[in-house]
Amino acid sequence: MKIAFLGTGIMGAPMARHLAQAGHDVSVWNRSPEKARPLAEHGADVAGGPASAVDGAEVVVTMLTDGGAVEDVMREAAPAAAQGTVWWQASTVGIDGTEGLAALAEEHGLTFVDAPVLGTRGPAEGGELVVLASGPPDALERLAPLFDAVGSKTLELGEAGTGSRLKLVMNLWVVSVTDAIAETIAFAQGLDLDPHLFLDTIAGGSLDLGYAHFKGPGMIAGDLPVSFPLKHALKDADLILEAADRHAVELALARTVRERFAAAAQAGYGDADMGMVIEASRPRRDTSAG
Ligand code: NAP
C-alpha cells in the first residue's frame with residue numbers, strides 16, 4: 001500500500017519503520033527533517049513537505065503532538081490527497097480535537113479513521129502497540145494489515161470518535177498511576193525509608209503493578225529515558241478534564257494529577273519522561289542548616 005506518514009517523533013518513527021519493513025511503500029515527513037531521514041535506511045522515501053508526502057498516497061497517517069499540530073499539517077496536506085484517501089489519525093487529540101479533524105476530513109473528501117494507540121516507546125519499537133481503531137468498517141478492514149504491522153492487538157470499536165474516547169479513559173489510568181507511584185516513592189524518601197522497600201513489598205501481591213517496577217527504579221534514581229514526554233502527559237490530562245467537563249463527570253483526582261504534571265513542567269521537566277513528575281513531590285530537604 002502507498003502510505004504517507006506525517007510525524008516521525010518518538011512514536012511515529014518506529015511505526016513508520018514497521019510499515020516500511022512490512023513491504024509498504026512509505027513516504028515520511030517530519031517538521032524537523034533530521035528525525036525523518038534515518039527512515040530512508042529502511043526503504044522509506046523522505047518527503048520535503050506534507051503535501052508532497054501525501055501526493056498519490058492511498059493512506060495518510062498522522063502522529064503529531066496534538067490536535068492543533070495535526071490540523072495545521074493536514075490543512076497543508078489534504079488538498080494534495082486524492083478523494084477517498086483513508087486518513088488514519090493516530091495522535092492523541094481528545095474528543096473535541098477528533099471532531100474537528102473529522103470535519104476537516106469531510107471537507108476534503110477523505111475517509112477518517114480515528115485510531116490512537118496505546119503503548120509507549122518500547123512497544124512502538126517492538127511493533128507491539130494496541131490500536132484503538134474506530135471508523136467505517138471497510139476502511140478499518142483496509143487498514144488491518146497496517147495495524148498488524150505496528151501493533152500486537154487491534155480493538156475495533158465502532159464509529160470514529162470511539163477510539164479517542166477510550167484513549168482518554170486509558171490515559172486517565174496512566175497519568176493517575178504514574179503520579180501515584182511517584183508520590184509513593186517521594187513519600188517513602190521523605191520518611192527516610194529506602195523507596196525500593198515499596199517496590200519489594202508490593203511484589204507478587206494483589207497490589208502489585210508491573211508498571212511500578214518499570215518506572216519506579218528510574219524515578220528513584222531520577223534518571224528515566226524519555227518514553228512519554230511529560231508535556232504530552234500534561235496535554236492529555238487537559239484533554240481528559242475537557243472531556244470530563246463536557247460529559248459532566250467530576251474527576252477530582254485527575255484535577256490534582258494535572259496540577260502535579262503542570263508543576264513538574266514549570267520546574268523544567270516538560271521534555272523529560274513523564275515519570276519525572278516525581279520531582280514535583282520530592283522531599284524538600286533544608287540544606288542550609290548545619
Ligand atoms: P514527539 O516525539 O514529541 O513527536 C511529536 C511530533 O509532532 C514530532 O514529529 C513533531 O515535530 C511534531 N509536531 C509538533 N508540533 C508540530 C507542528 N505545529 N507542526 C508540525 N509538526 C509538529 O511525541 P510522541 O511521543 O511521538 O507523540 C506523538 C503523539 O502520540 C502525541 O499525540 C502523543 O500524545 C501520542 N502518544 C504518545 C505515546 C508515548 O508514549 N510517547 C504513546 C501513545 C500516544 P518535530 O520533530 O519537528 O518537533
# chains A, B, ... in the order shown; residues from 1 in each chain; ligands from 1
>>> residues_around(residues="A:Arg258", least_positions_apart="3", cutoff="7 Å", atoms="only C-alpha atoms", output="compact mmCIF listing (two decimals) with N, CA, C and O atoms, in the first residue's frame")
# COMPACT_ATOMS: atom_id res chain seq x y z
N LEU A 234 0.80 16.14 30.34
CA LEU A 234 0.04 17.32 30.78
C LEU A 234 -1.05 17.65 29.76
O LEU A 234 -2.20 17.91 30.12
N ALA A 237 -3.79 15.19 30.24
CA ALA A 237 -4.59 15.48 31.44
C ALA A 237 -5.59 16.59 31.12
O ALA A 237 -6.76 16.54 31.54
N ALA A 254 -8.06 13.53 38.87
CA ALA A 254 -7.42 13.99 37.63
C ALA A 254 -7.04 15.47 37.72
O ALA A 254 -6.01 15.89 37.18
N ARG A 255 -7.88 16.26 38.39
CA ARG A 255 -7.55 17.70 38.53
C ARG A 255 -6.26 17.87 39.33
O ARG A 255 -5.40 18.68 38.98
N PHE A 261 1.56 17.45 37.20
CA PHE A 261 2.29 17.48 35.92
C PHE A 261 2.62 18.93 35.53
O PHE A 261 3.72 19.21 35.03
N ALA A 262 1.69 19.84 35.80
CA ALA A 262 1.94 21.25 35.47
C ALA A 262 3.10 21.78 36.30
O ALA A 262 3.97 22.51 35.79
>>> residues_near_ligand(ligand="ligand 1", cutoff="6 Å", atoms="only C-alpha atoms and all ligand atoms", output="PyMOL selection string")
chain A and resi 7-12+30-32+63-66+69+73+91-92+117-121+227-228+232
>>> write_last_selection(atoms="N, CA and C atoms", output="PDB file, in the first residue's frame")
ATOM      1  N   GLY A   7       4.863  12.897  10.743  1.00  0.00           N
ATOM      2  CA  GLY A   7       5.226  12.983  12.165  1.00  0.00           C
ATOM      3  C   GLY A   7       6.035  11.781  12.594  1.00  0.00           C
ATOM      4  N   THR A   8       7.372  11.936  12.589  1.00  0.00           N
ATOM      5  CA  THR A   8       8.233  10.797  12.928  1.00  0.00           C
ATOM      6  C   THR A   8       9.006  11.092  14.213  1.00  0.00           C
ATOM      7  N   GLY A   9       8.239  11.354  15.285  1.00  0.00           N
ATOM      8  CA  GLY A   9       8.833  11.565  16.603  1.00  0.00           C
ATOM      9  C   GLY A   9       9.047  10.226  17.304  1.00  0.00           C
ATOM     10  N   ILE A  10       8.965  10.246  18.628  1.00  0.00           N
ATOM     11  CA  ILE A  10       9.221   9.039  19.443  1.00  0.00           C
ATOM     12  C   ILE A  10       8.367   7.865  18.961  1.00  0.00           C
ATOM     13  N   MET A  11       7.092   8.127  18.717  1.00  0.00           N
ATOM     14  CA  MET A  11       6.172   7.048  18.313  1.00  0.00           C
ATOM     15  C   MET A  11       6.131   6.868  16.799  1.00  0.00           C
ATOM     16  N   GLY A  12       6.093   8.002  16.080  1.00  0.00           N
ATOM     17  CA  GLY A  12       5.907   7.936  14.637  1.00  0.00           C
ATOM     18  C   GLY A  12       7.053   7.241  13.911  1.00  0.00           C
ATOM     19  N   ASN A  30       8.614  14.897   8.416  1.00  0.00           N
ATOM     20  CA  ASN A  30       8.637  15.438   9.774  1.00  0.00           C
ATOM     21  C   ASN A  30       9.088  16.894   9.701  1.00  0.00           C
ATOM     22  N   ARG A  31       8.483  17.723  10.589  1.00  0.00           N
ATOM     23  CA  ARG A  31       8.835  19.165  10.589  1.00  0.00           C
ATOM     24  C   ARG A  31      10.342  19.358  10.734  1.00  0.00           C
ATOM     25  N   SER A  32      10.953  18.613  11.664  1.00  0.00           N
ATOM     26  CA  SER A  32      12.423  18.639  11.789  1.00  0.00           C
ATOM     27  C   SER A  32      12.939  17.462  10.973  1.00  0.00           C
ATOM     28  N   MET A  63       0.809  11.327  13.170  1.00  0.00           N
ATOM     29  CA  MET A  63       1.267  11.001  14.530  1.00  0.00           C
ATOM     30  C   MET A  63       2.024  12.211  15.065  1.00  0.00           C
ATOM     31  N   LEU A  64       1.255  13.249  15.415  1.00  0.00           N
ATOM     32  CA  LEU A  64       1.819  14.537  15.825  1.00  0.00           C
ATOM     33  C   LEU A  64       1.378  14.866  17.252  1.00  0.00           C
ATOM     34  N   THR A  65       1.965  15.906  17.799  1.00  0.00           N
ATOM     35  CA  THR A  65       1.761  16.207  19.219  1.00  0.00           C
ATOM     36  C   THR A  65       0.296  16.323  19.641  1.00  0.00           C
ATOM     37  N   ASP A  66      -0.444  17.195  18.974  1.00  0.00           N
ATOM     38  CA  ASP A  66      -1.811  17.485  19.450  1.00  0.00           C
ATOM     39  C   ASP A  66      -2.711  17.885  18.279  1.00  0.00           C
ATOM     40  N   ALA A  69      -1.494  20.764  15.965  1.00  0.00           N
ATOM     41  CA  ALA A  69      -0.418  20.389  15.039  1.00  0.00           C
ATOM     42  C   ALA A  69      -0.982  19.548  13.890  1.00  0.00           C
ATOM     43  N   VAL A  73      -0.916  20.693   9.894  1.00  0.00           N
ATOM     44  CA  VAL A  73      -0.227  19.864   8.894  1.00  0.00           C
ATOM     45  C   VAL A  73      -1.226  19.342   7.853  1.00  0.00           C
ATOM     46  N   SER A  91      -2.645  10.268  16.476  1.00  0.00           N
ATOM     47  CA  SER A  91      -2.213  11.122  17.592  1.00  0.00           C
ATOM     48  C   SER A  91      -3.314  11.176  18.662  1.00  0.00           C
ATOM     49  N   THR A  92      -2.912  11.545  19.884  1.00  0.00           N
ATOM     50  CA  THR A  92      -3.893  11.711  20.963  1.00  0.00           C
ATOM     51  C   THR A  92      -4.381  13.155  20.939  1.00  0.00           C
ATOM     52  N   VAL A 117      -3.199   5.064  19.621  1.00  0.00           N
ATOM     53  CA  VAL A 117      -2.531   3.826  20.046  1.00  0.00           C
ATOM     54  C   VAL A 117      -2.182   3.878  21.527  1.00  0.00           C
ATOM     55  N   LEU A 118      -2.113   2.698  22.102  1.00  0.00           N
ATOM     56  CA  LEU A 118      -1.729   2.527  23.499  1.00  0.00           C
ATOM     57  C   LEU A 118      -0.382   1.836  23.524  1.00  0.00           C
ATOM     58  N   GLY A 119       0.493   2.295  24.415  1.00  0.00           N
ATOM     59  CA  GLY A 119       1.853   1.756  24.454  1.00  0.00           C
ATOM     60  C   GLY A 119       2.795   2.912  24.262  1.00  0.00           C
ATOM     61  N   THR A 120       4.043   2.704  24.667  1.00  0.00           N
ATOM     62  CA  THR A 120       4.972   3.824  24.623  1.00  0.00           C
ATOM     63  C   THR A 120       6.162   3.485  23.725  1.00  0.00           C
ATOM     64  N   ARG A 121       7.331   4.130  23.953  1.00  0.00           N
ATOM     65  CA  ARG A 121       8.459   3.957  23.036  1.00  0.00           C
ATOM     66  C   ARG A 121       8.810   2.474  22.801  1.00  0.00           C
ATOM     67  N   SER A 227      10.311   8.113  27.333  1.00  0.00           N
ATOM     68  CA  SER A 227       9.377   7.272  26.565  1.00  0.00           C
ATOM     69  C   SER A 227       8.134   8.077  26.209  1.00  0.00           C
ATOM     70  N   PHE A 228       7.677   8.862  27.182  1.00  0.00           N
ATOM     71  CA  PHE A 228       6.470   9.660  27.005  1.00  0.00           C
ATOM     72  C   PHE A 228       6.773  11.031  27.619  1.00  0.00           C
ATOM     73  N   HIS A 232       3.502  16.011  27.138  1.00  0.00           N
ATOM     74  CA  HIS A 232       2.376  15.340  26.467  1.00  0.00           C
ATOM     75  C   HIS A 232       1.410  14.753  27.504  1.00  0.00           C
TER      76      HIS A 232
END
>>> residues_around(residues="A:Ala139", least_positions_apart="3", cutoff="8 Å", atoms="only C-alpha atoms", output="PyMOL selection string")
chain A and resi 86+111+113+135-136+142-143
>>> write_last_selection(atoms="all heavy atoms", output="JSON list (two decimals), in the first residue's frame")
[["chain", "number", "residue", "atom", "x", "y", "z"],
["A", 86, "VAL", "N", -7.71, 7.23, 2.67],
["A", 86, "VAL", "CA", -8.03, 6.92, 4.07],
["A", 86, "VAL", "C", -7.03, 7.64, 4.97],
["A", 86, "VAL", "O", -5.82, 7.54, 4.77],
["A", 86, "VAL", "CB", -7.97, 5.40, 4.33],
["A", 86, "VAL", "CG1", -8.25, 5.10, 5.80],
["A", 86, "VAL", "CG2", -8.97, 4.67, 3.44],
["A", 111, "THR", "N", -11.51, 9.73, 3.96],
["A", 111, "THR", "CA", -12.21, 8.81, 4.87],
["A", 111, "THR", "C", -11.47, 8.80, 6.19],
["A", 111, "THR", "O", -10.29, 8.43, 6.26],
["A", 111, "THR", "CB", -12.22, 7.38, 4.27],
["A", 111, "THR", "OG1", -12.86, 7.47, 2.99],
["A", 111, "THR", "CG2", -12.96, 6.41, 5.16],
["A", 113, "VAL", "N", -10.37, 7.78, 9.87],
["A", 113, "VAL", "CA", -10.27, 6.69, 10.83],
["A", 113, "VAL", "C", -9.58, 7.24, 12.08],
["A", 113, "VAL", "O", -8.47, 7.77, 12.02],
["A", 113, "VAL", "CB", -9.48, 5.49, 10.25],
["A", 113, "VAL", "CG1", -9.16, 4.46, 11.34],
["A", 113, "VAL", "CG2", -10.28, 4.83, 9.13],
["A", 135, "GLY", "N", -13.96, 3.74, 13.06],
["A", 135, "GLY", "CA", -14.21, 4.38, 11.77],
["A", 135, "GLY", "C", -15.06, 3.46, 10.91],
["A", 135, "GLY", "O", -15.51, 2.40, 11.38],
["A", 136, "PRO", "N", -15.25, 3.81, 9.65],
["A", 136, "PRO", "CA", -16.08, 2.98, 8.76],
["A", 136, "PRO", "C", -15.49, 1.57, 8.64],
["A", 136, "PRO", "O", -14.27, 1.43, 8.45],
["A", 136, "PRO", "CB", -16.02, 3.71, 7.42],
["A", 136, "PRO", "CG", -15.54, 5.09, 7.73],
["A", 136, "PRO", "CD", -14.72, 5.01, 8.97],
["A", 142, "ARG", "N", -9.36, -2.22, 5.43],
["A", 142, "ARG", "CA", -8.19, -1.88, 4.59],
["A", 142, "ARG", "C", -6.96, -1.60, 5.44],
["A", 142, "ARG", "O", -5.84, -1.89, 5.06],
["A", 142, "ARG", "CB", -8.50, -0.63, 3.73],
["A", 142, "ARG", "CG", -9.36, -0.96, 2.54],
["A", 142, "ARG", "CD", -9.48, 0.23, 1.62],
["A", 142, "ARG", "NE", -8.23, 0.57, 0.96],
["A", 142, "ARG", "CZ", -7.97, 1.73, 0.36],
["A", 142, "ARG", "NH1", -8.88, 2.67, 0.35],
["A", 142, "ARG", "NH2", -6.83, 1.95, -0.23],
["A", 143, "LEU", "N", -7.19, -1.01, 6.61],
["A", 143, "LEU", "CA", -6.04, -0.65, 7.46],
["A", 143, "LEU", "C", -5.56, -1.82, 8.32],
["A", 143, "LEU", "O", -4.49, -1.71, 8.94],
["A", 143, "LEU", "CB", -6.40, 0.53, 8.37],
["A", 143, "LEU", "CG", -6.65, 1.88, 7.68],
["A", 143, "LEU", "CD1", -6.92, 2.97, 8.73],
["A", 143, "LEU", "CD2", -5.46, 2.30, 6.81]]
>>> select_by_dssp(residues="stretch 172-216 of chain A", states="alpha helix (DSSP H)", output="number ranges by chain")
A: 172-190, 196-202, 210-216
>>> closest_residue(among="A:Gly151, A:Gly23, A:Gly222, A:Pro283", to="A:Asp192", atoms="only C-alpha atoms")
A:Pro283
>>> atom_distance(atom1="atom CA of A:Ala80", atom2="atom CA of A:Asp114")
20.6 Å
>>> select_by_dssp(residues="stretch 10-76 of chain A", states="strand (DSSP E or B)", output="MDAnalysis selection string")
chainID A and resid 25:29 45:46 59:62
>>> write_last_selection(atoms="C-alpha atoms", output="short mmCIF file (atom, residue, chain, number, x, y, z; two decimals), in the first residue's frame")
data_model
loop_
_atom_site.label_atom_id
_atom_site.label_comp_id
_atom_site.auth_asym_id
_atom_site.auth_seq_id
_atom_site.Cartn_x
_atom_site.Cartn_y
_atom_site.Cartn_z
CA ASP A 25 5.61 1.99 0.02
CA VAL A 26 6.06 4.63 2.74
CA SER A 27 6.68 8.33 2.27
CA VAL A 28 7.63 10.08 5.54
CA TRP A 29 7.64 13.74 6.53
CA ASP A 45 11.04 7.93 0.90
CA VAL A 46 11.73 11.20 2.79
CA VAL A 59 -3.42 6.07 3.26
CA VAL A 60 -2.24 9.08 5.28
CA VAL A 61 -1.14 8.55 8.89
CA THR A 62 -0.79 11.46 11.33
#
>>> decode(residues="stretch 264-285 of chain A", atoms="N, CA, C and O atoms", output="PDB file, in the first residue's frame")
ATOM      1  N   ALA A 264       5.610  20.043  37.573  1.00  0.00           N
ATOM      2  CA  ALA A 264       6.871  19.452  37.088  1.00  0.00           C
ATOM      3  C   ALA A 264       7.301  20.117  35.779  1.00  0.00           C
ATOM      4  O   ALA A 264       8.488  20.381  35.568  1.00  0.00           O
ATOM      5  N   ALA A 265       6.332  20.413  34.904  1.00  0.00           N
ATOM      6  CA  ALA A 265       6.662  21.088  33.645  1.00  0.00           C
ATOM      7  C   ALA A 265       7.223  22.480  33.938  1.00  0.00           C
ATOM      8  O   ALA A 265       8.227  22.904  33.355  1.00  0.00           O
ATOM      9  N   GLN A 266       6.570  23.158  34.876  1.00  0.00           N
ATOM     10  CA  GLN A 266       7.014  24.504  35.288  1.00  0.00           C
ATOM     11  C   GLN A 266       8.441  24.470  35.844  1.00  0.00           C
ATOM     12  O   GLN A 266       9.220  25.396  35.647  1.00  0.00           O
ATOM     13  N   ALA A 267       8.769  23.353  36.501  1.00  0.00           N
ATOM     14  CA  ALA A 267      10.115  23.215  37.094  1.00  0.00           C
ATOM     15  C   ALA A 267      11.155  22.797  36.055  1.00  0.00           C
ATOM     16  O   ALA A 267      12.306  22.543  36.404  1.00  0.00           O
ATOM     17  N   GLY A 268      10.728  22.675  34.800  1.00  0.00           N
ATOM     18  CA  GLY A 268      11.706  22.402  33.732  1.00  0.00           C
ATOM     19  C   GLY A 268      11.757  20.966  33.260  1.00  0.00           C
ATOM     20  O   GLY A 268      12.672  20.583  32.534  1.00  0.00           O
ATOM     21  N   TYR A 269      10.759  20.141  33.640  1.00  0.00           N
ATOM     22  CA  TYR A 269      10.786  18.727  33.256  1.00  0.00           C
ATOM     23  C   TYR A 269       9.842  18.395  32.086  1.00  0.00           C
ATOM     24  O   TYR A 269       9.545  17.233  31.851  1.00  0.00           O
ATOM     25  N   GLY A 270       9.391  19.392  31.352  1.00  0.00           N
ATOM     26  CA  GLY A 270       8.434  19.160  30.268  1.00  0.00           C
ATOM     27  C   GLY A 270       8.917  18.197  29.204  1.00  0.00           C
ATOM     28  O   GLY A 270       8.149  17.394  28.681  1.00  0.00           O
ATOM     29  N   ASP A 271      10.207  18.266  28.879  1.00  0.00           N
ATOM     30  CA  ASP A 271      10.732  17.383  27.832  1.00  0.00           C
ATOM     31  C   ASP A 271      11.265  16.070  28.405  1.00  0.00           C
ATOM     32  O   ASP A 271      11.671  15.184  27.651  1.00  0.00           O
ATOM     33  N   ALA A 272      11.283  15.950  29.738  1.00  0.00           N
ATOM     34  CA  ALA A 272      11.742  14.708  30.377  1.00  0.00           C
ATOM     35  C   ALA A 272      10.620  13.673  30.325  1.00  0.00           C
ATOM     36  O   ALA A 272       9.493  13.980  29.923  1.00  0.00           O
ATOM     37  N   ASP A 273      10.914  12.460  30.719  1.00  0.00           N
ATOM     38  CA  ASP A 273       9.866  11.439  30.761  1.00  0.00           C
ATOM     39  C   ASP A 273       8.811  11.806  31.814  1.00  0.00           C
ATOM     40  O   ASP A 273       9.122  12.420  32.832  1.00  0.00           O
ATOM     41  N   MET A 274       7.576  11.368  31.576  1.00  0.00           N
ATOM     42  CA  MET A 274       6.502  11.765  32.498  1.00  0.00           C
ATOM     43  C   MET A 274       6.721  11.251  33.921  1.00  0.00           C
ATOM     44  O   MET A 274       6.181  11.816  34.873  1.00  0.00           O
ATOM     45  N   GLY A 275       7.555  10.205  34.081  1.00  0.00           N
ATOM     46  CA  GLY A 275       7.865   9.718  35.422  1.00  0.00           C
ATOM     47  C   GLY A 275       8.583  10.755  36.266  1.00  0.00           C
ATOM     48  O   GLY A 275       8.585  10.681  37.497  1.00  0.00           O
ATOM     49  N   MET A 276       9.144  11.766  35.619  1.00  0.00           N
ATOM     50  CA  MET A 276       9.837  12.818  36.367  1.00  0.00           C
ATOM     51  C   MET A 276       8.848  13.740  37.072  1.00  0.00           C
ATOM     52  O   MET A 276       9.261  14.693  37.746  1.00  0.00           O
ATOM     53  N   VAL A 277       7.559  13.430  36.962  1.00  0.00           N
ATOM     54  CA  VAL A 277       6.565  14.133  37.781  1.00  0.00           C
ATOM     55  C   VAL A 277       6.936  13.986  39.258  1.00  0.00           C
ATOM     56  O   VAL A 277       6.537  14.796  40.098  1.00  0.00           O
ATOM     57  N   ILE A 278       7.734  12.967  39.575  1.00  0.00           N
ATOM     58  CA  ILE A 278       8.197  12.800  40.961  1.00  0.00           C
ATOM     59  C   ILE A 278       8.912  14.045  41.461  1.00  0.00           C
ATOM     60  O   ILE A 278       8.867  14.354  42.656  1.00  0.00           O
ATOM     61  N   GLU A 279       9.534  14.797  40.563  1.00  0.00           N
ATOM     62  CA  GLU A 279      10.282  15.975  41.011  1.00  0.00           C
ATOM     63  C   GLU A 279       9.359  17.029  41.621  1.00  0.00           C
ATOM     64  O   GLU A 279       9.813  17.889  42.369  1.00  0.00           O
ATOM     65  N   ALA A 280       8.066  16.960  41.315  1.00  0.00           N
ATOM     66  CA  ALA A 280       7.120  17.909  41.916  1.00  0.00           C
ATOM     67  C   ALA A 280       6.805  17.522  43.358  1.00  0.00           C
ATOM     68  O   ALA A 280       6.220  18.316  44.104  1.00  0.00           O
ATOM     69  N   SER A 281       7.179  16.307  43.751  1.00  0.00           N
ATOM     70  CA  SER A 281       6.845  15.828  45.098  1.00  0.00           C
ATOM     71  C   SER A 281       8.052  15.448  45.942  1.00  0.00           C
ATOM     72  O   SER A 281       7.895  15.122  47.102  1.00  0.00           O
ATOM     73  N   ARG A 282       9.251  15.460  45.343  1.00  0.00           N
ATOM     74  CA  ARG A 282      10.444  15.054  46.106  1.00  0.00           C
ATOM     75  C   ARG A 282      10.496  15.791  47.433  1.00  0.00           C
ATOM     76  O   ARG A 282      10.199  16.994  47.467  1.00  0.00           O
ATOM     77  N   PRO A 283      10.909  15.116  48.510  1.00  0.00           N
ATOM     78  CA  PRO A 283      11.003  15.825  49.791  1.00  0.00           C
ATOM     79  C   PRO A 283      11.961  17.008  49.697  1.00  0.00           C
ATOM     80  O   PRO A 283      13.014  16.900  49.064  1.00  0.00           O
ATOM     81  N   ARG A 284      11.531  18.125  50.261  1.00  0.00           N
ATOM     82  CA  ARG A 284      12.388  19.320  50.253  1.00  0.00           C
ATOM     83  C   ARG A 284      13.273  19.280  51.490  1.00  0.00           C
ATOM     84  O   ARG A 284      12.780  19.409  52.604  1.00  0.00           O
ATOM     85  N   ARG A 285      14.549  19.009  51.278  1.00  0.00           N
ATOM     86  CA  ARG A 285      15.489  18.950  52.409  1.00  0.00           C
ATOM     87  C   ARG A 285      16.040  20.343  52.645  1.00  0.00           C
ATOM     88  O   ARG A 285      16.396  21.038  51.679  1.00  0.00           O
TER      89      ARG A 285
END
